[in-house]
file query_26.txt (compact mmCIF, C-alpha atoms)
# COMPACT_ATOMS: atom_id res chain seq x y z
CA MET A 1 2.48 4.78 17.06
CA THR A 2 0.00 1.92 16.89
CA TYR A 3 -2.85 2.31 14.41
CA PHE A 4 -4.65 -0.97 15.02
CA ASN A 5 -5.36 -1.77 18.65
CA ILE A 6 -5.92 -5.49 18.13
CA ASP A 7 -3.87 -8.61 18.68
CA PRO A 8 -2.52 -10.33 15.57
CA VAL A 9 -5.25 -12.20 13.70
CA THR A 10 -4.80 -15.97 13.93
CA TYR A 11 -6.74 -19.08 12.98
CA GLU A 12 -9.20 -20.05 15.74
CA GLY A 13 -11.67 -22.17 13.79
CA PRO A 14 -15.32 -21.73 12.77
CA LYS A 15 -16.66 -21.80 16.33
CA SER A 16 -14.55 -18.90 17.58
CA ASN A 17 -16.40 -15.83 18.88
CA ASN A 18 -13.38 -13.61 18.31
CA ILE A 19 -14.30 -11.22 15.49
CA TYR A 20 -10.58 -10.69 14.83
CA SER A 21 -9.79 -14.31 14.02
CA PHE A 22 -9.69 -16.49 10.95
CA LYS A 23 -12.58 -18.93 10.98
CA TYR A 24 -11.68 -20.99 7.89
CA TYR A 25 -8.35 -19.69 6.67
CA ASN A 26 -5.61 -21.63 8.43
CA PRO A 27 -2.28 -20.56 6.91
CA GLU A 28 -0.55 -23.74 8.11
CA GLU A 29 -3.17 -26.25 6.94
CA LYS A 30 -2.04 -28.29 3.96
CA ILE A 31 -4.22 -28.66 0.90
CA GLY A 32 -2.49 -31.08 -1.41
CA ASN A 33 1.22 -30.48 -1.05
CA LYS A 34 0.98 -26.75 -0.18
CA THR A 35 -0.24 -24.81 2.80
CA MET A 36 -3.17 -22.41 2.53
CA ALA A 37 -0.66 -19.57 2.83
CA GLU A 38 1.14 -20.88 -0.26
CA HIS A 39 -2.11 -21.24 -2.22
CA LEU A 40 -3.67 -17.93 -1.11
CA ARG A 41 -1.05 -15.21 -1.44
CA PHE A 42 -3.01 -12.22 -0.16
CA GLY A 43 -1.92 -8.66 -0.84
CA VAL A 44 -2.95 -5.16 0.21
CA ALA A 45 -3.58 -2.48 -2.40
CA TYR A 46 -1.86 0.53 -0.83
CA TRP A 47 -3.87 3.33 -2.42
CA HIS A 48 -7.27 1.66 -2.09
CA THR A 49 -6.73 0.68 1.52
CA PHE A 50 -4.60 3.45 3.03
CA THR A 51 -4.85 6.51 0.78
CA ALA A 52 -8.30 6.68 -0.86
CA ASP A 53 -11.01 8.45 1.15
CA LEU A 54 -13.56 5.73 0.21
CA SER A 55 -15.74 8.12 -1.75
CA ASP A 56 -17.86 6.87 -4.62
CA PRO A 57 -20.14 8.40 -7.28
CA PHE A 58 -22.90 8.67 -4.68
CA GLY A 59 -21.18 10.56 -1.90
CA VAL A 60 -18.16 11.90 -0.09
CA GLY A 61 -15.46 9.79 1.50
CA THR A 62 -16.09 8.06 4.79
CA ALA A 63 -12.57 6.98 5.78
CA GLN A 64 -11.45 8.40 9.11
CA ARG A 65 -7.77 7.86 9.69
CA ASP A 66 -5.35 9.11 12.32
CA TRP A 67 -3.12 10.66 9.65
CA ASN A 68 -5.80 12.61 7.74
CA ASN A 69 -4.90 15.95 9.37
CA LEU A 70 -1.14 15.65 8.93
CA GLU A 71 0.94 17.49 6.34
CA PRO A 72 1.34 15.53 3.06
CA MET A 73 4.80 14.05 3.75
CA GLU A 74 3.87 13.16 7.33
CA GLN A 75 0.69 11.52 5.98
CA ALA A 76 2.78 9.48 3.57
CA LYS A 77 5.13 8.35 6.35
CA ALA A 78 2.20 7.45 8.63
CA ARG A 79 0.63 5.38 5.86
CA VAL A 80 3.84 3.37 5.52
CA ASP A 81 3.84 2.62 9.24
CA ALA A 82 0.13 1.77 9.19
CA ILE A 83 0.21 -0.59 6.21
CA PHE A 84 3.10 -2.59 7.63
CA GLU A 85 1.42 -2.82 11.03
CA PHE A 86 -1.78 -3.95 9.30
CA MET A 87 0.07 -6.60 7.28
CA GLN A 88 1.84 -7.89 10.38
CA LYS A 89 -1.40 -8.19 12.33
CA THR A 90 -3.32 -9.86 9.49
CA GLN A 91 -0.56 -12.15 8.20
CA ILE A 92 -0.61 -10.52 4.75
CA GLU A 93 2.72 -10.88 2.99
CA TYR A 94 2.34 -8.67 -0.10
CA PHE A 95 1.41 -5.12 -1.02
CA CYS A 96 1.26 -3.05 -4.18
CA PHE A 97 0.77 0.57 -5.15
CA HIS A 98 -0.02 2.52 -8.31
CA ASP A 99 3.02 4.11 -9.83
CA VAL A 100 4.13 6.94 -7.52
CA ASP A 101 1.06 7.41 -5.33
CA ILE A 102 2.89 6.46 -2.15
CA ALA A 103 4.37 9.96 -1.90
CA PRO A 104 2.83 13.40 -2.37
CA GLU A 105 3.42 15.12 -5.65
CA GLY A 106 5.67 18.15 -5.29
CA SER A 107 5.48 21.45 -7.10
CA THR A 108 8.38 20.35 -9.34
CA LEU A 109 9.63 17.05 -10.70
CA GLN A 110 12.67 17.29 -8.42
CA GLU A 111 10.49 17.77 -5.34
CA SER A 112 8.23 14.89 -6.40
CA ASN A 113 11.26 12.62 -6.83
CA GLU A 114 12.71 13.69 -3.46
CA ASN A 115 9.38 12.91 -1.78
CA LEU A 116 9.29 9.53 -3.50
CA ASP A 117 12.88 8.75 -2.42
CA VAL A 118 12.06 9.44 1.24
CA ILE A 119 9.01 7.19 1.21
CA VAL A 120 10.71 4.41 -0.78
CA ASP A 121 13.54 4.37 1.78
CA ARG A 122 11.01 4.11 4.61
CA ILE A 123 9.19 1.28 2.83
CA LYS A 124 12.46 -0.58 2.27
CA GLU A 125 13.28 -0.31 5.97
CA LYS A 126 9.87 -1.73 6.86
CA MET A 127 10.24 -4.51 4.30
CA GLU A 128 13.59 -5.51 5.78
CA GLU A 129 12.17 -5.29 9.30
CA THR A 130 9.06 -7.37 8.57
CA GLY A 131 9.96 -9.58 5.61
CA LYS A 132 6.93 -8.29 3.66
CA ASN A 133 7.11 -8.16 -0.13
CA TYR A 134 6.17 -5.65 -2.82
CA TYR A 135 4.76 -6.41 -6.22
CA GLY A 136 4.56 -3.61 -8.76
CA ILE A 137 1.66 -2.41 -10.85
CA LEU A 138 1.34 0.51 -13.25
CA GLN A 139 -1.63 2.78 -13.89
CA ILE A 140 -0.15 5.18 -16.38
CA ILE A 141 -3.18 6.84 -17.97
CA LEU A 142 -5.03 7.64 -14.76
CA HIS A 143 -2.42 9.93 -13.25
CA MET A 144 -4.07 12.78 -11.37
CA ASN A 145 -2.63 15.43 -13.72
CA VAL A 146 -3.86 13.84 -16.95
CA SER A 147 -7.31 14.87 -18.14
CA TYR A 148 -9.61 12.28 -19.63
CA THR A 149 -10.08 14.44 -22.73
CA GLY A 150 -6.49 14.05 -23.85
CA LEU A 151 -2.89 13.81 -22.80
CA GLN A 152 -0.86 16.97 -22.70
CA LEU A 153 2.71 16.34 -23.78
CA HIS A 154 4.41 18.14 -20.88
CA LEU A 155 2.31 16.20 -18.34
CA MET A 156 3.08 12.91 -20.03
CA GLN A 157 6.80 13.73 -20.02
CA MET A 158 6.69 14.60 -16.31
CA TYR A 159 4.77 11.44 -15.58
CA MET A 160 7.23 9.27 -17.48
CA LEU A 161 10.13 10.83 -15.57
CA MET A 162 8.32 10.12 -12.30
CA LEU A 163 7.78 6.54 -13.42
CA GLN A 164 11.49 6.28 -14.26
CA GLN A 165 12.22 7.36 -10.67
CA LYS A 166 9.90 4.66 -9.34
CA LEU A 167 11.65 2.00 -11.36
CA LYS A 168 15.07 3.29 -10.29
CA ASN A 169 13.99 3.06 -6.67
CA ARG A 170 12.59 -0.44 -7.14
CA TRP A 171 16.08 -1.86 -7.75
CA LYS A 172 18.12 0.64 -5.71

call {"tool": "encode", "arguments": {"input": "query_26.txt", "output": "structure tokens"}}
result
Amino acid sequence: MTYFNIDPVTYEGPKSNNIYSFKYYNPEEKIGNKTMAEHLRFGVAYWHTFTADLSDPFGVGTAQRDWNNLEPMEQAKARVDAIFEFMQKTQIEYFCFHDVDIAPEGSTLQESNENLDVIVDRIKEKMEETGKNYYGILQIILHMNVSYTGLQLHLMQMYMLMLQQKLKNRWK
């Protein structure tokens, strides 16, 4: 399935009328002894771009995505396909995600880890197919099951085991 019905975004210069073109960013242009692409290593934040509903303190989310009505695992798979298509079409080489938010949380730790394994395998396939790269970030204290009033030991233990699974998958 195609999520973005546009041609790949390329440099066309400041006079281009194509709204889907780079006006000033020319990945091949050298500045000093490096190209712009080497100086400006853009990345996509997975959760912020493909998972969050774009809500804020002033209102409900406004994001309308083709995968919104799918079951959680199908949503997660669709997001993988969409982010890699987006990166291909915009010449973005890197992406990141928070901890384990690429896969839906299951009702047990085992189910959560199985969900994560499926999505990690899909991401690895897309990385090999496209040459895109992942860089890792952690957001430990903002996990959806941890209240802001205090950490509950059993939730922290579950979270740390989920994080262990993420790290295991990173070098699998």

call {"tool": "residues_around", "arguments": {"input": "query_26.txt", "residues": "region 40-49 of chain A", "least_positions_apart": "5", "cutoff": "7 Å", "atoms": "only C-alpha atoms", "output": "PyMOL selection string"}}
result
chain A and resi 92-97

call {"tool": "residues_near_point", "arguments": {"input": "query_26.txt", "point": "(-12.8, -21.8, 11.4)", "cutoff": "6 Å", "atoms": "all atoms listed in the file", "output": "mmCIF file with C-alpha atoms, keeping the file's coordinate frame"}}
result
data_model
loop_
_atom_site.group_PDB
_atom_site.id
_atom_site.type_symbol
_atom_site.label_atom_id
_atom_site.label_comp_id
_atom_site.auth_asym_id
_atom_site.auth_seq_id
_atom_site.Cartn_x
_atom_site.Cartn_y
_atom_site.Cartn_z
ATOM 1 C CA GLU A 12 -9.200 -20.050 15.740
ATOM 2 C CA GLY A 13 -11.670 -22.170 13.790
ATOM 3 C CA PRO A 14 -15.320 -21.730 12.770
ATOM 4 C CA LYS A 23 -12.580 -18.930 10.980
ATOM 5 C CA TYR A 24 -11.680 -20.990 7.890
#

call {"tool": "residues_around", "arguments": {"input": "query_26.txt", "residues": "Ala63 (chain A)", "least_positions_apart": "4", "cutoff": "9 Å", "atoms": "all atoms listed in the file", "output": "JSON, numbers by chain"}}
result
{"A": [52, 53, 54, 55]}

call {"tool": "write_last_selection", "arguments": {"input": "query_26.txt", "atoms": "C-alpha atoms", "output": "compact mmCIF listing (two decimals), in the frame of the given file"}}
result
# COMPACT_ATOMS: atom_id res chain seq x y z
CA ALA A 52 -8.30 6.68 -0.86
CA ASP A 53 -11.01 8.45 1.15
CA LEU A 54 -13.56 5.73 0.21
CA SER A 55 -15.74 8.12 -1.75

call {"tool": "residues_around", "arguments": {"input": "query_26.txt", "residues": "Ala103 (chain A)", "least_positions_apart": "2", "cutoff": "8 Å", "atoms": "only C-alpha atoms", "output": "MDAnalysis selection string"}}
result
chainID A and resid 73 76 100:101 105 112 115:116 119

call {"tool": "atom_distance", "arguments": {"input": "query_26.txt", "atom1": "CA of Ala82 (chain A)", "atom2": "CA of Ser107 (chain A)"}}
result
26.1 Å

call {"tool": "axis_aligned_box", "arguments": {"input": "query_26.txt", "around": "region 11-25 of chain A", "padding_each_side": "5 Å", "output": "AutoDock Vina command-line options"}}
result
--center_x -11.7 --center_y -16.4 --center_z 12.8 --size_x 19.9 --size_y 21.5 --size_z 22.2

call {"tool": "atom_distance", "arguments": {"input": "query_26.txt", "atom1": "CA of Tyr20 (chain A)", "atom2": "CA of Phe84 (chain A)"}}
result
17.5 Å

call {"tool": "closest_residue", "arguments": {"input": "query_26.txt", "among": "A:Glu85, A:Tyr135, A:Met36, A:Glu129", "to": "Asn5 (chain A)", "atoms": "all atoms listed in the file"}}
result
A:Glu85

call {"tool": "closest_residue", "arguments": {"input": "query_26.txt", "among": "A:Leu109, A:Ile19, A:Ala37, A:Ile102", "to": "Glu74 (chain A)", "atoms": "only C-alpha atoms"}}
result
A:Ile102

call {"tool": "closest_residue", "arguments": {"input": "query_26.txt", "among": "A:His39, A:Asp7, A:Gln165, A:Ser16", "to": "Glu111 (chain A)", "atoms": "all atoms listed in the file"}}
result
A:Gln165

call {"tool": "closest_residue", "arguments": {"input": "query_26.txt", "among": "A:Gly59, A:Asn113, A:Phe22, A:Phe4", "to": "Leu161 (chain A)", "atoms": "all atoms listed in the file"}}
result
A:Asn113

call {"tool": "atom_distance", "arguments": {"input": "query_26.txt", "atom1": "CA of Tyr3 (chain A)", "atom2": "CA of Val120 (chain A)"}}
result
20.5 Å

call {"tool": "closest_residue", "arguments": {"input": "query_26.txt", "among": "A:Thr51, A:Thr10, A:Gly106, A:Lys15", "to": "Glu28 (chain A)", "atoms": "only C-alpha atoms"}}
result
A:Thr10

call {"tool": "closest_residue", "arguments": {"input": "query_26.txt", "among": "A:Asn26, A:Gln75, A:Asn133, A:Glu38", "to": "Phe50 (chain A)", "atoms": "only C-alpha atoms"}}
result
A:Gln75

call {"tool": "decode", "arguments": {"input": "query_26.txt", "residues": "region 21-57 of chain A", "atoms": "N, CA and C atoms", "output": "mmCIF file, in the first residue's frame"}}
result
data_model
loop_
_atom_site.group_PDB
_atom_site.id
_atom_site.type_symbol
_atom_site.label_atom_id
_atom_site.label_comp_id
_atom_site.auth_asym_id
_atom_site.auth_seq_id
_atom_site.Cartn_x
_atom_site.Cartn_y
_atom_site.Cartn_z
ATOM 1 N N SER A 21 9.178 19.955 -3.207
ATOM 2 C CA SER A 21 10.587 19.980 -3.612
ATOM 3 C C SER A 21 11.388 20.745 -2.580
ATOM 4 N N PHE A 22 12.686 20.452 -2.554
ATOM 5 C CA PHE A 22 13.586 21.223 -1.705
ATOM 6 C C PHE A 22 13.959 22.493 -2.454
ATOM 7 N N LYS A 23 13.820 23.605 -1.788
ATOM 8 C CA LYS A 23 14.162 24.895 -2.410
ATOM 9 C C LYS A 23 15.622 25.266 -2.125
ATOM 10 N N TYR A 24 16.088 24.974 -0.919
ATOM 11 C CA TYR A 24 17.442 25.376 -0.525
ATOM 12 C C TYR A 24 18.312 24.205 -0.088
ATOM 13 N N TYR A 25 17.696 23.150 0.341
ATOM 14 C CA TYR A 25 18.457 21.968 0.754
ATOM 15 C C TYR A 25 18.783 21.133 -0.473
ATOM 16 N N ASN A 26 20.063 21.093 -0.815
ATOM 17 C CA ASN A 26 20.549 20.280 -1.925
ATOM 18 C C ASN A 26 21.504 19.254 -1.330
ATOM 19 N N PRO A 27 21.047 18.016 -1.149
ATOM 20 C CA PRO A 27 21.868 17.013 -0.463
ATOM 21 C C PRO A 27 23.252 16.821 -1.061
ATOM 22 N N GLU A 28 23.409 17.076 -2.346
ATOM 23 C CA GLU A 28 24.688 16.847 -3.018
ATOM 24 C C GLU A 28 25.618 18.054 -2.979
ATOM 25 N N GLU A 29 25.095 19.222 -2.667
ATOM 26 C CA GLU A 29 25.923 20.440 -2.682
ATOM 27 C C GLU A 29 26.948 20.398 -1.556
ATOM 28 N N LYS A 30 28.196 20.717 -1.911
ATOM 29 C CA LYS A 30 29.263 20.703 -0.919
ATOM 30 C C LYS A 30 29.349 22.050 -0.215
ATOM 31 N N ILE A 31 29.495 21.943 1.099
ATOM 32 C CA ILE A 31 29.778 23.101 1.941
ATOM 33 C C ILE A 31 31.043 22.720 2.696
ATOM 34 N N GLY A 32 32.119 23.385 2.366
ATOM 35 C CA GLY A 32 33.417 22.946 2.889
ATOM 36 C C GLY A 32 33.776 21.637 2.223
ATOM 37 N N ASN A 33 34.151 20.660 3.007
ATOM 38 C CA ASN A 33 34.526 19.367 2.410
ATOM 39 C C ASN A 33 33.457 18.299 2.593
ATOM 40 N N LYS A 34 32.229 18.704 2.975
ATOM 41 C CA LYS A 34 31.117 17.755 3.139
ATOM 42 C C LYS A 34 29.900 18.231 2.366
ATOM 43 N N THR A 35 29.075 17.267 1.990
ATOM 44 C CA THR A 35 27.820 17.616 1.343
ATOM 45 C C THR A 35 26.808 18.079 2.391
ATOM 46 N N MET A 36 25.746 18.722 1.941
ATOM 47 C CA MET A 36 24.678 19.112 2.865
ATOM 48 C C MET A 36 24.120 17.886 3.581
ATOM 49 N N ALA A 37 24.001 16.775 2.858
ATOM 50 C CA ALA A 37 23.480 15.545 3.471
ATOM 51 C C ALA A 37 24.375 15.073 4.614
ATOM 52 N N GLU A 38 25.678 15.283 4.491
ATOM 53 C CA GLU A 38 26.597 14.888 5.561
ATOM 54 C C GLU A 38 26.525 15.848 6.748
ATOM 55 N N HIS A 39 26.297 17.124 6.479
ATOM 56 C CA HIS A 39 26.166 18.113 7.548
ATOM 57 C C HIS A 39 24.818 18.000 8.259
ATOM 58 N N LEU A 40 23.760 17.808 7.509
ATOM 59 C CA LEU A 40 22.386 17.835 8.033
ATOM 60 C C LEU A 40 21.814 16.427 8.011
ATOM 61 N N ARG A 41 22.012 15.704 9.072
ATOM 62 C CA ARG A 41 21.585 14.305 9.152
ATOM 63 C C ARG A 41 20.188 14.248 9.770
ATOM 64 N N PHE A 42 19.183 14.445 8.931
ATOM 65 C CA PHE A 42 17.803 14.505 9.403
ATOM 66 C C PHE A 42 17.309 13.146 9.881
ATOM 67 N N GLY A 43 16.392 13.172 10.823
ATOM 68 C CA GLY A 43 15.781 11.957 11.339
ATOM 69 C C GLY A 43 14.302 12.174 11.601
ATOM 70 N N VAL A 44 13.551 11.089 11.613
ATOM 71 C CA VAL A 44 12.119 11.128 11.895
ATOM 72 C C VAL A 44 11.876 10.519 13.275
ATOM 73 N N ALA A 45 11.159 11.233 14.114
ATOM 74 C CA ALA A 45 10.764 10.709 15.418
ATOM 75 C C ALA A 45 9.484 9.888 15.212
ATOM 76 N N TYR A 46 9.620 8.595 15.329
ATOM 77 C CA TYR A 46 8.554 7.634 15.021
ATOM 78 C C TYR A 46 7.238 7.959 15.721
ATOM 79 N N TRP A 47 7.292 8.064 17.053
ATOM 80 C CA TRP A 47 6.059 8.262 17.809
ATOM 81 C C TRP A 47 5.422 9.596 17.461
ATOM 82 N N HIS A 48 6.209 10.655 17.438
ATOM 83 C CA HIS A 48 5.663 11.988 17.202
ATOM 84 C C HIS A 48 5.075 12.128 15.802
ATOM 85 N N THR A 49 5.653 11.442 14.843
ATOM 86 C CA THR A 49 5.232 11.600 13.458
ATOM 87 C C THR A 49 4.196 10.578 13.010
ATOM 88 N N PHE A 50 4.283 9.341 13.496
ATOM 89 C CA PHE A 50 3.421 8.287 12.974
ATOM 90 C C PHE A 50 2.508 7.610 13.995
ATOM 91 N N THR A 51 2.631 7.959 15.265
ATOM 92 C CA THR A 51 1.806 7.319 16.283
ATOM 93 C C THR A 51 0.923 8.327 17.028
ATOM 94 N N ALA A 52 1.488 9.444 17.448
ATOM 95 C CA ALA A 52 0.731 10.437 18.214
ATOM 96 C C ALA A 52 -0.449 10.954 17.396
ATOM 97 N N ASP A 53 -1.538 11.290 18.086
ATOM 98 C CA ASP A 53 -2.730 11.789 17.379
ATOM 99 C C ASP A 53 -2.702 13.302 17.168
ATOM 100 N N LEU A 54 -1.616 13.948 17.557
ATOM 101 C CA LEU A 54 -1.396 15.389 17.416
ATOM 102 C C LEU A 54 -2.305 16.217 18.310
ATOM 103 N N SER A 55 -2.730 15.625 19.430
ATOM 104 C CA SER A 55 -3.500 16.405 20.390
ATOM 105 C C SER A 55 -2.550 17.281 21.197
ATOM 106 N N ASP A 56 -3.109 18.265 21.853
ATOM 107 C CA ASP A 56 -2.340 19.138 22.730
ATOM 108 C C ASP A 56 -3.230 19.547 23.902
ATOM 109 N N PRO A 57 -2.716 20.339 24.834
ATOM 110 C CA PRO A 57 -3.530 20.704 26.001
ATOM 111 C C PRO A 57 -4.808 21.466 25.649
#
